[in-house]
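Structure, as structure tokens:
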Amino acid sequence: MITPAAFDHLVVAAATLEEGEAYLEQRLGVRALRGGKHVAMGTHNSLISLGAKRYIELIAIDPDASTPGRARWFALDTTALQSTLPRLIHWVARTDDIDAARQALAIDTGAVHAMTRGSFEWRITVPADGALPAAGVLPTLIQWGDGRHPADGLPHSGLRLLALAGAHPNPGVIRSALAALGLGETIKVTYGMQPRLVAMVQTPHGPVNL
């Protein structure tokens, strides 16, 4: 029996960080703070706290980075995705044993890769083609190293996640995979002809859907 996984962060993608920061500030009333560069993936990010060990990650291709020798994560190389940005595209679940969690999931979310950003180190699942697991409804898995977490250093934003919901053509399969990780109550997945992910965030001005 593995330790249940937990919600870690939302992933919002944008063509540029500037565009994404403006989008999130307009929607949520809070400006995302610059995080750093993911050298191995050719991306960079900005962050907003959602409370203890929870945050929103805004991610974009870093125009100053070298092109990685593989597909970038979170489907960022996909033309169809880029044409719909900025928007919420995915979410990430935290685990204490990523190898066991990946096996328990029973749906391939990609191989486990070691990553760094500045002083942060983690292991994360990334499909070889960079695709989003279940088109973003099923989470990427992450295991943080050294007990350090990006949300620990973020200022209080006044935001918190109220609910996470998804739609998928095969909701039963997705729900079973989530239950295997103890995430059955974290996200409500219903039937939909097209996969969809929605997060309801409490802001100082009321709830907002991303």
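FYI, nothing fancy with the structure tokens labels: chains A, B, ... in order, residues from 1 per chain, ligands from 1 as they appear.
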Using only C-alpha atoms, what does the table of segment 54-74 of chain A residues within 6 Å of segment 125-134 of chain A look like, with each row giving the shortest atom pair and its distance in Å to one decimal, sorted by chain and ascending number, as CSV?
```
residue,atom,partner,partner_atom,distance
A:Ala71,CA,A:Gly130,CA,5.2
A:Arg72,CA,A:Gly130,CA,5.5
A:Trp73,CA,A:Gly130,CA,4.5
A:Phe74,CA,A:Leu132,CA,5.5
```
| said: Just want the 9 Å neighbourhood of segment 80-82 of chain A, counted on only C-alpha atoms, with same-chain residues fewer than 6 positions away dropped. Output as a PyMOL selection string. | reply: chain A and resi 13-15+89
Create the file for the chosen residues now, containing N, CA and C atoms and written as a PDB file, in the first residue's frame.
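What ended up in result37.pdb:
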```pdb
ATOM      1  N   ALA A  13      -0.402  27.442 -18.848  1.00  0.00           N
ATOM      2  CA  ALA A  13       0.587  27.672 -19.894  1.00  0.00           C
ATOM      3  C   ALA A  13       0.260  28.948 -20.660  1.00  0.00           C
ATOM      4  N   ALA A  14       1.306  29.589 -21.157  1.00  0.00           N
ATOM      5  CA  ALA A  14       1.147  30.802 -21.959  1.00  0.00           C
ATOM      6  C   ALA A  14       2.234  30.831 -23.022  1.00  0.00           C
ATOM      7  N   ALA A  15       2.004  31.623 -24.055  1.00  0.00           N
ATOM      8  CA  ALA A  15       3.013  31.767 -25.096  1.00  0.00           C
ATOM      9  C   ALA A  15       4.255  32.465 -24.552  1.00  0.00           C
ATOM     10  N   ILE A  89      -3.948  24.095 -18.189  1.00  0.00           N
ATOM     11  CA  ILE A  89      -3.811  22.907 -19.034  1.00  0.00           C
ATOM     12  C   ILE A  89      -3.639  21.611 -18.239  1.00  0.00           C
TER      13      ILE A  89
END
```
| remark: Correct to one decimal, the distance atom CA of Leu58 of chain A-atom CA of Gly172 of chain A is 29.6 Å
| message | List the spatial neighbours of Ala106 of chain A as a ChimeraX atom specification - criterion: any atom at most 10 Å away, only C-alpha atoms, same-chain residues fewer than 6 positions off excluded. | response | /A:173,176-178,180
With N, CA and C atoms kept, could you save the residues just selected as a PDB file, in the first residue's frame?
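again33.pdb, written as the output of this step:
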```pdb
ATOM      1  N   VAL A 173     -12.121   4.871 -16.227  1.00  0.00           N
ATOM      2  CA  VAL A 173     -10.700   4.509 -16.229  1.00  0.00           C
ATOM      3  C   VAL A 173      -9.888   5.550 -15.460  1.00  0.00           C
ATOM      4  N   SER A 176     -10.576   5.298 -11.655  1.00  0.00           N
ATOM      5  CA  SER A 176      -9.898   4.146 -11.054  1.00  0.00           C
ATOM      6  C   SER A 176      -8.418   4.431 -10.833  1.00  0.00           C
ATOM      7  N   ALA A 177      -7.793   5.075 -11.820  1.00  0.00           N
ATOM      8  CA  ALA A 177      -6.376   5.418 -11.692  1.00  0.00           C
ATOM      9  C   ALA A 177      -6.159   6.403 -10.551  1.00  0.00           C
ATOM     10  N   LEU A 178      -7.028   7.385 -10.442  1.00  0.00           N
ATOM     11  CA  LEU A 178      -6.916   8.367  -9.360  1.00  0.00           C
ATOM     12  C   LEU A 178      -7.126   7.717  -7.997  1.00  0.00           C
ATOM     13  N   ALA A 180      -6.429   4.746  -7.119  1.00  0.00           N
ATOM     14  CA  ALA A 180      -5.253   3.952  -6.763  1.00  0.00           C
ATOM     15  C   ALA A 180      -4.187   4.791  -6.070  1.00  0.00           C
TER      16      ALA A 180
END
```
| task | Can you pull out every residue within 7 Å of Leu88 of chain A, counting only C-alpha atoms, but drop anything in the same chain fewer than 2 positions away, and send it as number ranges by chain? | result | A: 11-13, 90, 210
| request: For Gly118 of chain A, list every protein, DNA or RNA residue within 9 Å, evaluated using only C-alpha atoms, and leave out those in the same chain fewer than 6 positions away; present the list as a ChimeraX atom specification. | output: /A:35-38
Can you write out the residues you just picked, keeping N, CA and C atoms, as a compact mmCIF listing (two decimals), in the first residue's frame?
```txt
# COMPACT_ATOMS: atom_id res chain seq x y z
N GLY A 35 9.82 32.66 -11.22
CA GLY A 35 10.45 31.55 -10.54
C GLY A 35 11.87 31.34 -11.05
N GLY A 36 12.01 30.68 -12.20
CA GLY A 36 13.34 30.43 -12.74
C GLY A 36 13.25 29.62 -14.01
N LYS A 37 14.38 29.07 -14.41
CA LYS A 37 14.50 28.36 -15.68
C LYS A 37 14.61 26.86 -15.47
N HIS A 38 13.98 26.10 -16.38
CA HIS A 38 14.14 24.65 -16.43
C HIS A 38 15.05 24.36 -17.62
```
| message | To test your reading of the structure, identify every residue in segment 90-124 of chain A that backbone DSSP assigns to strand (DSSP E), and report it as a PyMOL selection string. | response | chain A and resi 90-94+111-117+120-124
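Closest approach to Glu25 of chain A from the set A:Ala179, A:Ile48, A:Ile142, A:Met41 is made by A:Ile48, with distances taken over only C-alpha atoms.
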